[in-house]
>>> print(open('entry.csv').read())   # CSV, C-alpha atoms and all ligand atoms
chain,number,residue,atom,x,y,z
S,296,MET,CA,76.6,34.5,-26.9
S,297,LEU,CA,76.0,33.0,-23.4
S,298,ARG,CA,76.6,35.5,-20.6
S,299,LEU,CA,77.6,33.2,-17.7
S,300,GLY,CA,77.8,34.0,-14.0
S,301,ILE,CA,80.0,31.8,-11.8
S,302,VAL,CA,78.9,30.9,-8.3
S,303,GLY,CA,81.6,29.4,-6.1
S,304,CYS,CA,85.0,30.7,-7.2
S,305,GLY,CA,87.0,27.6,-5.9
S,306,SER,CA,89.1,24.9,-7.4
S,307,ILE,CA,87.0,23.6,-10.4
S,308,ALA,CA,85.6,27.0,-11.2
S,309,GLY,CA,89.2,28.2,-11.9
S,310,TYR,CA,89.5,25.5,-14.7
S,311,ILE,CA,86.1,26.4,-16.1
S,312,ALA,CA,86.8,30.1,-16.1
S,313,SER,CA,90.0,29.5,-18.0
S,314,LEU,CA,88.2,27.3,-20.5
S,315,ALA,CA,85.3,29.7,-20.8
S,316,ARG,CA,87.7,32.5,-21.8
S,317,LEU,CA,88.8,30.3,-24.8
S,318,ASN,CA,85.2,29.8,-25.9
S,319,ARG,CA,84.1,32.7,-28.1
S,320,GLY,CA,80.5,32.0,-27.5
S,321,VAL,CA,80.8,32.5,-23.7
S,322,ARG,CA,81.3,35.7,-21.8
S,323,LEU,CA,81.9,35.6,-18.0
S,324,THR,CA,79.9,38.6,-16.8
S,325,ALA,CA,79.8,38.1,-13.0
S,326,CYS,CA,81.0,35.8,-10.2
S,327,CYS,CA,80.0,35.2,-6.7
S,328,ASP,CA,81.7,33.8,-3.6
S,329,ARG,CA,81.1,34.1,0.1
S,330,SER,CA,84.8,34.8,0.5
S,331,GLU,CA,85.2,38.4,-0.6
S,332,GLU,CA,89.0,38.3,-0.8
S,333,SER,CA,89.4,35.1,-2.9
S,334,GLY,CA,86.3,35.9,-5.0
S,335,ARG,CA,87.6,39.4,-5.9
S,336,ALA,CA,91.0,37.9,-6.7
S,337,PHE,CA,89.2,35.3,-8.9
S,338,ALA,CA,87.3,38.1,-10.7
S,339,ARG,CA,90.5,40.0,-11.4
S,340,LYS,CA,92.4,37.0,-12.6
S,341,HIS,CA,89.7,36.0,-15.0
S,342,LYS,CA,88.8,39.5,-16.0
S,343,ILE,CA,85.2,39.1,-14.8
S,344,PRO,CA,83.7,42.7,-14.4
S,345,THR,CA,81.3,42.1,-11.5
S,346,PHE,CA,81.8,40.4,-8.1
S,347,TYR,CA,79.1,39.6,-5.7
S,348,GLY,CA,79.4,38.4,-2.1
S,349,ALA,CA,75.8,37.3,-1.9
S,350,TYR,CA,74.0,34.8,-4.1
S,351,GLU,CA,70.8,36.8,-4.3
S,352,GLU,CA,72.7,39.6,-6.0
S,353,ILE,CA,74.0,37.5,-8.9
S,354,LEU,CA,70.5,36.0,-9.3
S,355,ASN,CA,69.1,39.5,-9.9
S,356,ASP,CA,71.9,40.5,-12.3
S,357,SER,CA,70.3,41.0,-15.8
S,358,SER,CA,73.7,40.7,-17.4
S,359,VAL,CA,73.8,37.0,-16.4
S,360,ASP,CA,71.9,34.7,-18.7
S,361,ALA,CA,72.8,31.5,-16.9
S,362,LEU,CA,74.7,30.4,-13.8
S,363,TYR,CA,77.5,27.9,-13.3
S,364,ILE,CA,77.2,26.6,-9.7
S,365,ALA,CA,80.4,25.2,-8.3
S,366,THR,CA,79.8,25.4,-4.6
S,367,PRO,CA,79.9,22.6,-1.9
S,368,HIS,CA,77.3,19.9,-2.4
S,369,HIS,CA,74.9,21.0,0.3
S,370,LEU,CA,74.4,24.3,-1.4
S,371,HIS,CA,73.4,22.9,-4.8
S,372,TYR,CA,69.8,22.3,-3.7
S,373,PRO,CA,68.9,25.7,-2.3
S,374,MET,CA,70.9,27.5,-5.0
S,375,LEU,CA,69.2,25.5,-7.8
S,376,LYS,CA,65.8,26.1,-6.3
S,377,ALA,CA,66.4,29.8,-6.1
S,378,ALA,CA,67.8,30.0,-9.6
S,379,ILE,CA,64.8,28.1,-11.0
S,380,GLN,CA,62.5,30.5,-9.2
S,381,ALA,CA,64.4,33.5,-10.6
S,382,GLY,CA,64.1,32.0,-14.1
S,383,LYS,CA,67.9,31.5,-14.6
S,384,PRO,CA,69.1,28.3,-16.3
S,385,VAL,CA,71.9,26.5,-14.5
S,386,TRP,CA,75.0,24.4,-15.3
S,387,CYS,CA,75.5,22.7,-12.0
S,388,GLU,CA,78.5,20.8,-10.8
S,389,LYS,CA,78.0,17.1,-10.0
S,390,PRO,CA,76.3,15.7,-8.0
S,391,ILE,CA,73.1,17.7,-8.7
S,392,THR,CA,72.4,17.5,-5.0
S,393,ARG,CA,73.5,15.5,-1.9
S,394,THR,CA,70.4,13.2,-2.0
S,395,LEU,CA,68.1,11.7,-4.6
S,396,GLU,CA,65.1,13.2,-2.9
S,397,GLU,CA,66.5,16.7,-3.4
S,398,GLY,CA,67.5,15.9,-6.9
S,399,LEU,CA,64.1,14.6,-7.9
S,400,GLU,CA,62.5,17.8,-6.5
S,401,ILE,CA,64.9,20.0,-8.5
S,402,VAL,CA,64.1,18.0,-11.7
S,403,LYS,CA,60.4,18.5,-11.1
S,404,LEU,CA,60.8,22.2,-10.3
S,405,ALA,CA,62.9,22.8,-13.4
S,406,ASN,CA,60.5,20.9,-15.6
S,407,ASP,CA,57.4,22.7,-14.2
S,408,ALA,CA,59.1,26.1,-14.7
S,409,GLY,CA,60.6,25.2,-18.1
S,410,ILE,CA,64.1,26.1,-16.9
S,411,LYS,CA,67.1,24.2,-18.3
S,412,VAL,CA,69.4,22.6,-15.6
S,413,GLY,CA,72.4,20.6,-16.7
S,414,VAL,CA,74.9,18.7,-14.6
S,415,ASN,CA,78.6,18.6,-15.3
S,416,TYR,CA,79.3,14.9,-15.6
S,417,GLN,CA,81.9,15.8,-18.2
S,418,TYR,CA,83.1,12.2,-18.9
S,419,ARG,CA,80.1,11.9,-21.2
S,420,TYR,CA,82.0,14.4,-23.4
S,421,ASP,CA,85.3,12.6,-23.1
S,422,ALA,CA,86.1,11.2,-26.6
S,423,GLY,CA,86.8,7.7,-25.4
S,424,CYS,CA,83.9,7.5,-22.9
S,425,TYR,CA,81.5,8.9,-25.5
S,426,ALA,CA,82.6,6.4,-28.1
S,427,LEU,CA,82.3,3.6,-25.6
S,428,ALA,CA,78.8,4.6,-24.5
S,429,MET,CA,77.6,5.0,-28.1
S,430,ALA,CA,79.0,1.6,-29.1
S,431,ALA,CA,77.2,0.0,-26.2
S,432,ARG,CA,73.9,1.9,-26.7
S,433,SER,CA,73.8,1.2,-30.4
S,434,GLY,CA,74.1,-2.5,-30.0
S,435,ALA,CA,77.4,-2.7,-31.8
S,436,MET,CA,78.9,-4.6,-28.8
S,437,GLY,CA,76.0,-7.1,-28.7
S,438,GLU,CA,74.1,-7.5,-25.5
S,439,ILE,CA,75.9,-5.8,-22.6
S,440,LEU,CA,76.6,-8.5,-20.0
S,441,TYR,CA,78.7,-6.7,-17.4
S,442,GLY,CA,81.1,-3.8,-16.8
S,443,ARG,CA,83.4,-2.4,-14.2
S,444,CYS,CA,85.3,0.8,-13.5
S,445,ASN,CA,88.2,1.6,-11.3
S,446,VAL,CA,88.8,5.1,-10.0
S,447,ALA,CA,92.1,4.9,-8.1
S,448,TRP,CA,92.9,8.5,-7.4
S,449,LYS,CA,95.1,10.3,-4.9
S,450,ARG,CA,94.1,13.1,-2.6
S,451,GLY,CA,96.4,14.6,0.0
S,452,PRO,CA,95.5,16.1,3.4
S,453,ASP,CA,95.1,19.5,1.7
S,454,TYR,CA,92.0,18.1,-0.1
S,455,PHE,CA,90.3,18.4,3.3
S,456,THR,CA,92.1,21.3,4.8
S,457,ASN,CA,91.6,23.6,1.7
S,458,SER,CA,87.9,22.6,1.4
S,459,PRO,CA,86.8,21.5,4.9
S,460,TRP,CA,83.3,20.7,3.5
S,461,HIS,CA,84.8,17.7,1.8
S,462,ALA,CA,85.3,16.1,5.2
S,463,ARG,CA,81.8,16.7,6.5
S,464,LEU,CA,79.1,14.3,5.7
S,465,GLU,CA,76.3,16.8,6.2
S,466,GLN,CA,77.9,19.1,3.6
S,467,SER,CA,79.4,16.7,1.0
S,468,GLY,CA,76.8,13.9,1.2
S,469,GLY,CA,79.6,11.3,0.8
S,470,GLY,CA,83.2,10.7,0.0
S,471,THR,CA,85.0,9.2,-2.9
S,472,LEU,CA,82.1,7.3,-4.3
S,473,LEU,CA,79.8,10.4,-4.6
S,474,THR,CA,82.5,12.9,-5.3
S,475,GLN,CA,84.9,11.0,-7.7
S,476,GLY,CA,83.4,7.6,-8.5
S,477,SER,CA,80.0,8.9,-9.6
S,478,HIS,CA,81.6,10.3,-12.7
S,479,LEU,CA,82.4,6.8,-14.0
S,480,LEU,CA,79.2,5.3,-12.5
S,481,ASP,CA,77.2,7.9,-14.5
S,482,LEU,CA,79.1,6.9,-17.6
S,483,LEU,CA,78.7,3.1,-17.1
S,484,LEU,CA,74.9,3.5,-16.5
S,485,TRP,CA,74.6,5.7,-19.5
S,486,ALA,CA,76.4,3.2,-21.6
S,487,CYS,CA,74.3,0.3,-20.3
S,488,ALA,CA,71.1,2.2,-20.9
S,489,SER,CA,69.3,0.2,-18.3
S,490,PRO,CA,68.0,1.4,-14.9
S,491,PRO,CA,69.8,0.2,-11.7
S,492,ARG,CA,67.6,-2.1,-9.7
S,493,ALA,CA,69.7,-3.5,-6.7
S,494,ALA,CA,73.0,-2.8,-5.1
S,495,THR,CA,75.5,-4.1,-2.6
S,496,GLY,CA,78.4,-2.2,-1.4
S,497,MET,CA,81.0,-1.5,1.2
S,498,ILE,CA,82.7,1.7,2.2
S,499,THR,CA,85.5,2.4,4.6
S,500,ARG,CA,88.3,4.8,5.7
S,501,ARG,CA,91.7,3.4,5.1
S,502,LYS,CA,93.8,6.6,5.2
S,503,PHE,CA,91.9,9.7,6.3
S,504,HIS,CA,90.6,8.5,9.7
S,505,GLU,CA,89.8,11.9,11.0
S,506,VAL,CA,87.1,12.8,8.3
S,507,GLU,CA,83.5,11.8,8.3
S,508,VAL,CA,83.4,10.4,4.7
S,509,GLU,CA,84.7,7.3,3.1
S,510,ASP,CA,88.0,7.3,1.2
S,511,LEU,CA,87.4,3.8,-0.3
S,512,ALA,CA,84.2,2.4,-1.7
S,513,GLN,CA,83.2,-0.7,-3.7
S,514,GLY,CA,79.8,-1.5,-5.1
S,515,THR,CA,78.0,-3.9,-7.4
S,516,ILE,CA,74.8,-2.9,-9.1
S,517,ALA,CA,72.3,-5.1,-10.9
S,518,LEU,CA,70.6,-3.5,-13.8
S,519,GLU,CA,67.1,-4.2,-15.1
S,520,SER,CA,68.7,-5.7,-18.2
S,521,GLY,CA,70.4,-8.4,-16.0
S,522,ALA,CA,73.8,-6.8,-16.5
S,523,PHE,CA,76.0,-6.2,-13.4
S,524,ILE,CA,78.2,-3.2,-13.1
S,525,GLN,CA,80.9,-2.8,-10.5
S,526,ILE,CA,82.8,0.3,-9.2
S,527,SER,CA,85.9,0.6,-7.1
S,528,SER,CA,86.4,4.2,-6.1
S,529,ALA,CA,89.3,5.4,-4.0
S,530,MET,CA,91.2,8.6,-3.1
S,531,ILE,CA,94.0,6.9,-1.3
S,532,ALA,CA,96.2,5.4,-4.1
S,533,ALA,CA,99.9,6.0,-3.4
S,534,THR,CA,100.2,6.7,-7.1
S,535,GLU,CA,97.2,7.9,-8.9
S,536,ARG,CA,96.0,5.8,-11.8
S,537,PRO,CA,93.9,7.0,-14.8
S,538,ALA,CA,90.3,6.1,-14.5
S,539,GLU,CA,89.6,2.8,-16.3
S,540,ILE,CA,86.5,1.1,-17.6
S,541,GLU,CA,85.9,-2.4,-18.9
S,542,LEU,CA,82.7,-3.2,-20.6
S,543,TYR,CA,81.8,-6.7,-21.7
S,544,GLY,CA,79.3,-7.2,-24.5
S,545,SER,CA,78.3,-10.5,-26.1
S,546,GLU,CA,80.2,-9.6,-29.3
S,547,ALA,CA,82.9,-7.2,-28.2
S,548,THR,CA,84.8,-6.0,-25.1
S,549,ALA,CA,85.6,-2.3,-24.6
S,550,LEU,CA,88.7,-1.2,-22.6
S,551,TYR,CA,89.0,2.5,-21.7
S,552,GLY,CA,91.8,4.3,-20.0
S,553,GLU,CA,91.7,8.0,-19.3
S,554,GLN,CA,94.3,10.3,-20.7
S,555,LEU,CA,94.0,14.1,-20.7
S,556,LEU,CA,94.1,14.8,-24.4
S,557,ARG,CA,94.1,11.3,-26.1
S,558,PRO,CA,91.9,8.9,-24.2
S,559,ARG,CA,92.7,5.2,-24.9
S,560,LEU,CA,89.7,3.1,-26.1
S,561,ARG,CA,90.1,-0.3,-27.6
S,562,PHE,CA,87.5,-2.8,-28.7
S,563,LEU,CA,88.4,-6.5,-28.6
S,564,GLY,CA,86.7,-9.2,-30.6
S,565,LYS,CA,85.1,-7.0,-33.3
S,566,HIS,CA,85.8,-3.9,-35.2
S,567,VAL,CA,83.6,-1.1,-33.7
S,568,ARG,CA,83.3,2.3,-35.1
S,569,GLN,CA,84.3,5.0,-32.6
S,570,ALA,CA,81.7,7.8,-32.6
S,571,ARG,CA,82.9,11.4,-31.9
S,572,PRO,CA,81.4,13.5,-29.1
S,573,PRO,CA,79.9,16.9,-30.0
S,574,GLY,CA,82.3,19.8,-29.8
S,575,LYS,CA,85.8,20.4,-31.1
S,576,SER,CA,88.0,20.8,-28.0
S,577,PRO,CA,90.2,17.9,-27.0
S,578,VAL,CA,89.3,18.7,-23.3
S,579,SER,CA,86.1,17.1,-22.0
S,580,LEU,CA,85.4,19.9,-19.6
S,581,SER,CA,85.5,22.3,-22.4
S,582,ARG,CA,83.2,20.2,-24.6
S,583,SER,CA,80.7,20.0,-21.7
S,584,LEU,CA,80.8,23.8,-21.3
S,585,GLU,CA,80.3,24.2,-25.0
S,586,GLY,CA,77.4,21.6,-24.9
S,587,PHE,CA,75.7,23.6,-22.2
S,588,ARG,CA,76.2,26.9,-24.2
S,589,ALA,CA,74.7,25.3,-27.3
S,590,TRP,CA,71.8,24.0,-25.3
S,591,ILE,CA,70.9,27.4,-23.8
S,592,VAL,CA,71.7,29.5,-26.9
S,593,GLU,CA,70.8,27.2,-29.8
S,594,ASP,CA,68.6,24.6,-28.1
S,595,ARG,CA,70.9,21.8,-29.2
S,596,PRO,CA,70.6,18.9,-26.7
S,597,TYR,CA,73.1,18.8,-23.8
S,598,LEU,CA,74.2,15.3,-22.9
S,599,ILE,CA,73.4,15.6,-19.1
S,600,PRO,CA,70.2,17.4,-18.5
S,601,ALA,CA,69.4,17.2,-14.7
S,602,ARG,CA,67.2,14.2,-15.0
S,603,GLU,CA,70.0,12.2,-16.6
S,604,SER,CA,72.2,12.6,-13.6
S,605,LEU,CA,69.8,11.0,-11.2
S,606,ALA,CA,70.5,7.3,-12.0
S,607,ALA,CA,74.1,7.6,-10.7
S,608,LEU,CA,72.9,9.4,-7.6
S,609,ALA,CA,70.3,6.7,-7.0
S,610,ALA,CA,73.0,4.0,-7.4
S,611,VAL,CA,75.4,5.8,-5.1
S,612,GLU,CA,72.7,6.2,-2.4
S,613,ALA,CA,71.9,2.5,-2.7
S,614,ILE,CA,75.5,1.5,-2.2
S,615,TYR,CA,75.7,3.7,0.9
S,616,GLN,CA,72.5,2.2,2.2
S,617,SER,CA,73.8,-1.3,1.5
S,618,ALA,CA,77.1,-0.5,3.3
S,619,ARG,CA,75.2,0.7,6.4
S,620,GLU,CA,72.7,-2.2,6.4
S,621,LYS,CA,75.3,-4.8,5.3
S,622,ALA,CA,72.7,-6.2,2.9
S,623,GLN,CA,71.6,-6.0,-0.7
S,624,VAL,CA,69.2,-3.2,-1.2
S,625,ALA,CA,66.8,-2.1,-3.9
S,626,VAL,CA,67.7,1.1,-5.8
S,627,GLN,CA,65.0,3.7,-5.7
S,628,GLN,CA,63.2,3.8,-9.0
S,629,LEU,CA,62.9,6.9,-11.0
S,630,ILE,CA,59.5,7.4,-12.6
S,631,GLU,CA,59.8,8.0,-16.3
V,701,LIG,N1,83.5,18.1,-12.8
V,701,LIG,C1,84.6,17.9,-12.2
V,701,LIG,O1,85.6,17.3,-12.7
V,701,LIG,C2,84.8,18.4,-10.8
V,701,LIG,C3,86.1,18.5,-10.2
V,701,LIG,C4,86.2,19.1,-8.9
V,701,LIG,C5,85.0,19.5,-8.2
V,701,LIG,N2,83.8,19.4,-8.8
V,701,LIG,C6,82.6,19.8,-8.1
V,701,LIG,O2,82.6,21.2,-8.1
V,701,LIG,C7,81.9,21.7,-6.9
V,701,LIG,C8,82.9,22.5,-6.1
V,701,LIG,O3,84.0,21.8,-5.8
V,701,LIG,P1,85.5,22.5,-5.6
V,701,LIG,O4,86.5,21.4,-5.5
V,701,LIG,O5,85.7,23.6,-6.6
V,701,LIG,O6,85.3,23.1,-4.2
V,701,LIG,P2,86.1,24.3,-3.5
V,701,LIG,O7,85.9,24.2,-2.0
V,701,LIG,O8,87.4,24.5,-4.1
V,701,LIG,O9,85.2,25.6,-4.0
V,701,LIG,C9,83.9,25.9,-3.5
V,701,LIG,C10,83.8,27.4,-3.5
V,701,LIG,O10,82.4,27.7,-3.1
V,701,LIG,C11,82.5,28.9,-2.3
V,701,LIG,N3,81.3,29.0,-1.5
V,701,LIG,C12,81.0,28.4,-0.3
V,701,LIG,N4,79.8,28.8,0.1
V,701,LIG,C13,79.3,29.7,-0.7
V,701,LIG,C14,78.2,30.5,-0.8
V,701,LIG,N5,77.2,30.4,0.1
V,701,LIG,N6,78.0,31.3,-1.9
V,701,LIG,C15,79.0,31.4,-2.8
V,701,LIG,N7,80.1,30.7,-2.8
V,701,LIG,C16,80.3,29.9,-1.8
V,701,LIG,C17,83.8,28.7,-1.5
V,701,LIG,O11,84.2,29.9,-0.9
V,701,LIG,C18,84.7,28.2,-2.5
V,701,LIG,O12,85.4,29.2,-3.2
V,701,LIG,C19,81.5,20.4,-6.2
V,701,LIG,O13,80.2,20.1,-6.6
V,701,LIG,C20,82.5,19.3,-6.7
V,701,LIG,O14,82.0,18.0,-6.6
V,701,LIG,C21,83.7,18.9,-10.1
>>> encode(input="entry.csv", output="C-alpha cells", more="lines below")
Ligand SMILES: NC(=O)c1ccc[n+]([C@@H]2O[C@H](COP(=O)([O-])OP(=O)(O)OC[C@H]3O[C@@H](n4cnc5c(N)ncnc54)[C@H](O)[C@@H]3O)[C@@H](O)[C@H]2O)c1
Amino acid sequence: MLRLGIVGCGSIAGYIASLARLNRGVRLTACCDRSEESGRAFARKHKIPTFYGAYEEILNDSSVDALYIATPHHLHYPMLKAAIQAGKPVWCEKPITRTLEEGLEIVKLANDAGIKVGVNYQYRYDAGCYALAMAARSGAMGEILYGRCNVAWKRGPDYFTNSPWHARLEQSGGGTLLTQGSHLLDLLLWACASPPRAATGMITRRKFHEVEVEDLAQGTIALESGAFIQISSAMIAATERPAEIELYGSEATALYGEQLLRPRLRFLGKHVRQARPPGKSPVSLSRSLEGFRAWIVEDRPYLIPARESLAALAAVEAIYQSAREKAQVAVQQLIE
C-alpha cells in the first residue's frame, strides 16, 4: 500500500485523486493547498482525512509515504528539494522544474540522497505511444530517420484566469511548448533513444496577446543519431485535435493519434508487433500512477525517473533560446 499525499489540489490533482481512489494499492492520506477553502473542499470530495495549508506540515506527516506534487511550475524546484531533504519520494507533475539547471540539481540531490523522484509524462504509459516507442527502440522499424508531432490543442481565456500562473513567465517557465508540447517531445526523444544536439525554433502569441508566454511554438531538433524531430505545439486551435505523431524508420513508418481509451497506432511498410505498457488500466494517467506506486512499494522500474525527463526539458530550453536569438543553438548536454 502506498500512502500518498497530494500537494496542490488544483485541476490535474482532481483527476489523479479520482484515479487513485480506484487503485487498491494507493491510499490518499493527506493533501495540501495554499487555498484553505478549495483545499478543504478537495479533501472532502475525495475523502482525504487530513488537510494542510502549509507544505512543511505535509512533509512532516508520518502517514504520508510519498508526495504527488501538482503545483505551479516555479514551486516544483523548492518543493522537490525540501521533499528530498525530508526523505520523502515524489511523483512530480511535468515539467520537473522550470529550467534545466534546476532539474539537474534535483536529479543530483535525489541520487545523492537515494530518494526516488518520478515525473508524470504519462504519454509513456499510453498504449499507442508505448508501442511506438518500443518498436522504435527495439530496431523493429529499422534506423529512425525522422519524426514529428503535432499538438493542436485549445485553451480558452479561463485557462489563464483560473490559474494566473499559466500567464506568467517567471512562474510557468514557458507556454504551450513547455506545458503541453513537452509531453510529446518527451515521447519522441524516448522513442528515438538518441540525445538532442542542436535546435532551431520559433515561438509567438497569435491569440492570447495579454499573457507573457507563447501560445504557438514550432521547433526542429537534430539528434546525435542524425535523425531530425519536429514539434508543432499550440493552444489556439479553434477545434482541438488529438495529439499526433509520425515516426519514419528505414523499414517502417509509425502513425499515432491520441484517443482516450483506444489510441490509434498503425505501422506502414512492415508488420510490427505492438508491445503493451505495464499496468492494466486503459487510462495512461492511471497506469503512470500505478507505475509510480509499483516503483516505490515493489521497486519495479518506473518509466520516467527524474533523470529521464531532462532531455525534453533541455530540448524545450534550446528551442526557446533559438527563438530568442533567431539562430540554431546547441542543446545543453546531459552528462551520463
Ligand atoms: N500530466 C498532465 O497531463 C497534466 C495536465 C495538467 C497539468 N499538469 C501539470 O500539473 C501541475 C499543476 O497544474 P494544474 O493545471 O493542476 O494547475 P492549477 O492551477 O489548477 O492547480 C495548482 C494548485 O496548486 C496550488 N498551490 C499554489 N501554490 C501552492 C503552495 N505554495 N502550496 C500548496 N499548493 C499551492 C493552487 O492553489 C492550486 O490549487 C503543473 O505542473 C502542470 O504542468 C499535468
>>> residues_near_ligand(input="entry.csv", ligand="ligand LIG 701 (chain V)", cutoff="8 Å", atoms="only C-alpha atoms and all ligand atoms", output="PDB file with C-alpha atoms, keeping the file's coordinate frame")
ATOM      1  CA  VAL S 302      78.900  30.900  -8.300  1.00  0.00           C
ATOM      2  CA  GLY S 303      81.600  29.400  -6.100  1.00  0.00           C
ATOM      3  CA  CYS S 304      85.000  30.700  -7.200  1.00  0.00           C
ATOM      4  CA  GLY S 305      87.000  27.600  -5.900  1.00  0.00           C
ATOM      5  CA  SER S 306      89.100  24.900  -7.400  1.00  0.00           C
ATOM      6  CA  ILE S 307      87.000  23.600 -10.400  1.00  0.00           C
ATOM      7  CA  ALA S 308      85.600  27.000 -11.200  1.00  0.00           C
ATOM      8  CA  GLY S 309      89.200  28.200 -11.900  1.00  0.00           C
ATOM      9  CA  CYS S 327      80.000  35.200  -6.700  1.00  0.00           C
ATOM     10  CA  ASP S 328      81.700  33.800  -3.600  1.00  0.00           C
ATOM     11  CA  ARG S 329      81.100  34.100   0.100  1.00  0.00           C
ATOM     12  CA  SER S 330      84.800  34.800   0.500  1.00  0.00           C
ATOM     13  CA  SER S 333      89.400  35.100  -2.900  1.00  0.00           C
ATOM     14  CA  GLY S 334      86.300  35.900  -5.000  1.00  0.00           C
ATOM     15  CA  GLY S 348      79.400  38.400  -2.100  1.00  0.00           C
ATOM     16  CA  ALA S 349      75.800  37.300  -1.900  1.00  0.00           C
ATOM     17  CA  TYR S 350      74.000  34.800  -4.100  1.00  0.00           C
ATOM     18  CA  ILE S 364      77.200  26.600  -9.700  1.00  0.00           C
ATOM     19  CA  ALA S 365      80.400  25.200  -8.300  1.00  0.00           C
ATOM     20  CA  THR S 366      79.800  25.400  -4.600  1.00  0.00           C
ATOM     21  CA  PRO S 367      79.900  22.600  -1.900  1.00  0.00           C
ATOM     22  CA  HIS S 368      77.300  19.900  -2.400  1.00  0.00           C
ATOM     23  CA  LEU S 370      74.400  24.300  -1.400  1.00  0.00           C
ATOM     24  CA  HIS S 371      73.400  22.900  -4.800  1.00  0.00           C
ATOM     25  CA  CYS S 387      75.500  22.700 -12.000  1.00  0.00           C
ATOM     26  CA  GLU S 388      78.500  20.800 -10.800  1.00  0.00           C
ATOM     27  CA  LYS S 389      78.000  17.100 -10.000  1.00  0.00           C
ATOM     28  CA  PRO S 390      76.300  15.700  -8.000  1.00  0.00           C
ATOM     29  CA  ILE S 391      73.100  17.700  -8.700  1.00  0.00           C
ATOM     30  CA  ASN S 415      78.600  18.600 -15.300  1.00  0.00           C
ATOM     31  CA  TYR S 416      79.300  14.900 -15.600  1.00  0.00           C
ATOM     32  CA  GLN S 417      81.900  15.800 -18.200  1.00  0.00           C
ATOM     33  CA  ASN S 457      91.600  23.600   1.700  1.00  0.00           C
ATOM     34  CA  SER S 458      87.900  22.600   1.400  1.00  0.00           C
ATOM     35  CA  PRO S 459      86.800  21.500   4.900  1.00  0.00           C
ATOM     36  CA  TRP S 460      83.300  20.700   3.500  1.00  0.00           C
ATOM     37  CA  HIS S 461      84.800  17.700   1.800  1.00  0.00           C
ATOM     38  CA  THR S 474      82.500  12.900  -5.300  1.00  0.00           C
ATOM     39  CA  GLN S 475      84.900  11.000  -7.700  1.00  0.00           C
ATOM     40  CA  LEU S 580      85.400  19.900 -19.600  1.00  0.00           C
TER      41      LEU S 580
END
>>> closest_residue(input="entry.csv", among="S:Val446, S:Ile401, S:Ala462, S:Ala488", to="Ser433 of chain S", atoms="only C-alpha atoms")
S:Ala488
>>> atom_distance(input="entry.csv", atom1="atom CA of Glu541 of chain S", atom2="atom CA of Ser604 of chain S")
21.0 Å
>>> atom_distance(input="entry.csv", atom1="atom CA of Trp386 of chain S", atom2="atom CA of Pro344 of chain S")
20.3 Å
>>> atom_distance(input="entry.csv", atom1="atom CA of Ile301 of chain S", atom2="atom CA of Arg419 of chain S")
22.0 Å
>>> closest_residue(input="entry.csv", among="S:Gln623, S:Ser576, S:Gln554, S:Thr324", to="Ala494 of chain S", atoms="only C-alpha atoms")
S:Gln623
>>> closest_residue(input="entry.csv", among="S:Ala422, S:Ile591, S:Leu317, S:Leu542", to="Val385 of chain S", atoms="all atoms listed in the file")
S:Ile591
>>> closest_residue(input="entry.csv", among="S:Thr534, S:Asn318, S:Thr471, S:Ser520", to="Val508 of chain S", atoms="all atoms listed in the file")
S:Thr471
>>> closest_residue(input="entry.csv", among="S:Ala549, S:Leu483, S:Leu440, S:Ala570", to="Phe523 of chain S", atoms="all atoms listed in the file")
S:Leu440
>>> residues_near_point(input="entry.csv", point="(80.2, -10.6, -25.8)", cutoff="8 Å", atoms="only C-alpha atoms", output="number ranges by chain")
S: 436-440, 543-548
>>> closest_residue(input="entry.csv", among="S:Pro490, S:Gly382, S:Pro573, S:Gly442", to="Ile540 of chain S", atoms="all atoms listed in the file")
S:Gly442
>>> residues_near_point(input="entry.csv", point="(80.1, 13.1, -18.3)", cutoff="9 Å", atoms="all atoms listed in the file", output="PDB file with C-alpha atoms, keeping the file's coordinate frame")
ATOM      1  CA  VAL S 414      74.900  18.700 -14.600  1.00  0.00           C
ATOM      2  CA  ASN S 415      78.600  18.600 -15.300  1.00  0.00           C
ATOM      3  CA  TYR S 416      79.300  14.900 -15.600  1.00  0.00           C
ATOM      4  CA  GLN S 417      81.900  15.800 -18.200  1.00  0.00           C
ATOM      5  CA  TYR S 418      83.100  12.200 -18.900  1.00  0.00           C
ATOM      6  CA  ARG S 419      80.100  11.900 -21.200  1.00  0.00           C
ATOM      7  CA  TYR S 420      82.000  14.400 -23.400  1.00  0.00           C
ATOM      8  CA  ASP S 421      85.300  12.600 -23.100  1.00  0.00           C
ATOM      9  CA  CYS S 424      83.900   7.500 -22.900  1.00  0.00           C
ATOM     10  CA  TYR S 425      81.500   8.900 -25.500  1.00  0.00           C
ATOM     11  CA  HIS S 478      81.600  10.300 -12.700  1.00  0.00           C
ATOM     12  CA  LEU S 479      82.400   6.800 -14.000  1.00  0.00           C
ATOM     13  CA  ASP S 481      77.200   7.900 -14.500  1.00  0.00           C
ATOM     14  CA  LEU S 482      79.100   6.900 -17.600  1.00  0.00           C
ATOM     15  CA  SER S 579      86.100  17.100 -22.000  1.00  0.00           C
ATOM     16  CA  LEU S 580      85.400  19.900 -19.600  1.00  0.00           C
ATOM     17  CA  SER S 583      80.700  20.000 -21.700  1.00  0.00           C
ATOM     18  CA  LEU S 598      74.200  15.300 -22.900  1.00  0.00           C
ATOM     19  CA  ILE S 599      73.400  15.600 -19.100  1.00  0.00           C
TER      20      ILE S 599
END
>>> residues_around(input="entry.csv", residues="Glu612 of chain S", least_positions_apart="6", cutoff="12 Å", atoms="only C-alpha atoms", output="MDAnalysis selection string")
chainID S and resid 390 392:396 398 468:470 472:473 477 491 493:498 514 516 605:606 618:619 624:628
>>> residues_around(input="entry.csv", residues="Leu297 of chain S", least_positions_apart="4", cutoff="7 Å", atoms="only C-alpha atoms", output="list in words")
Gly320, Val321, Arg322, Asp360, Arg588 and Val592 of chain S
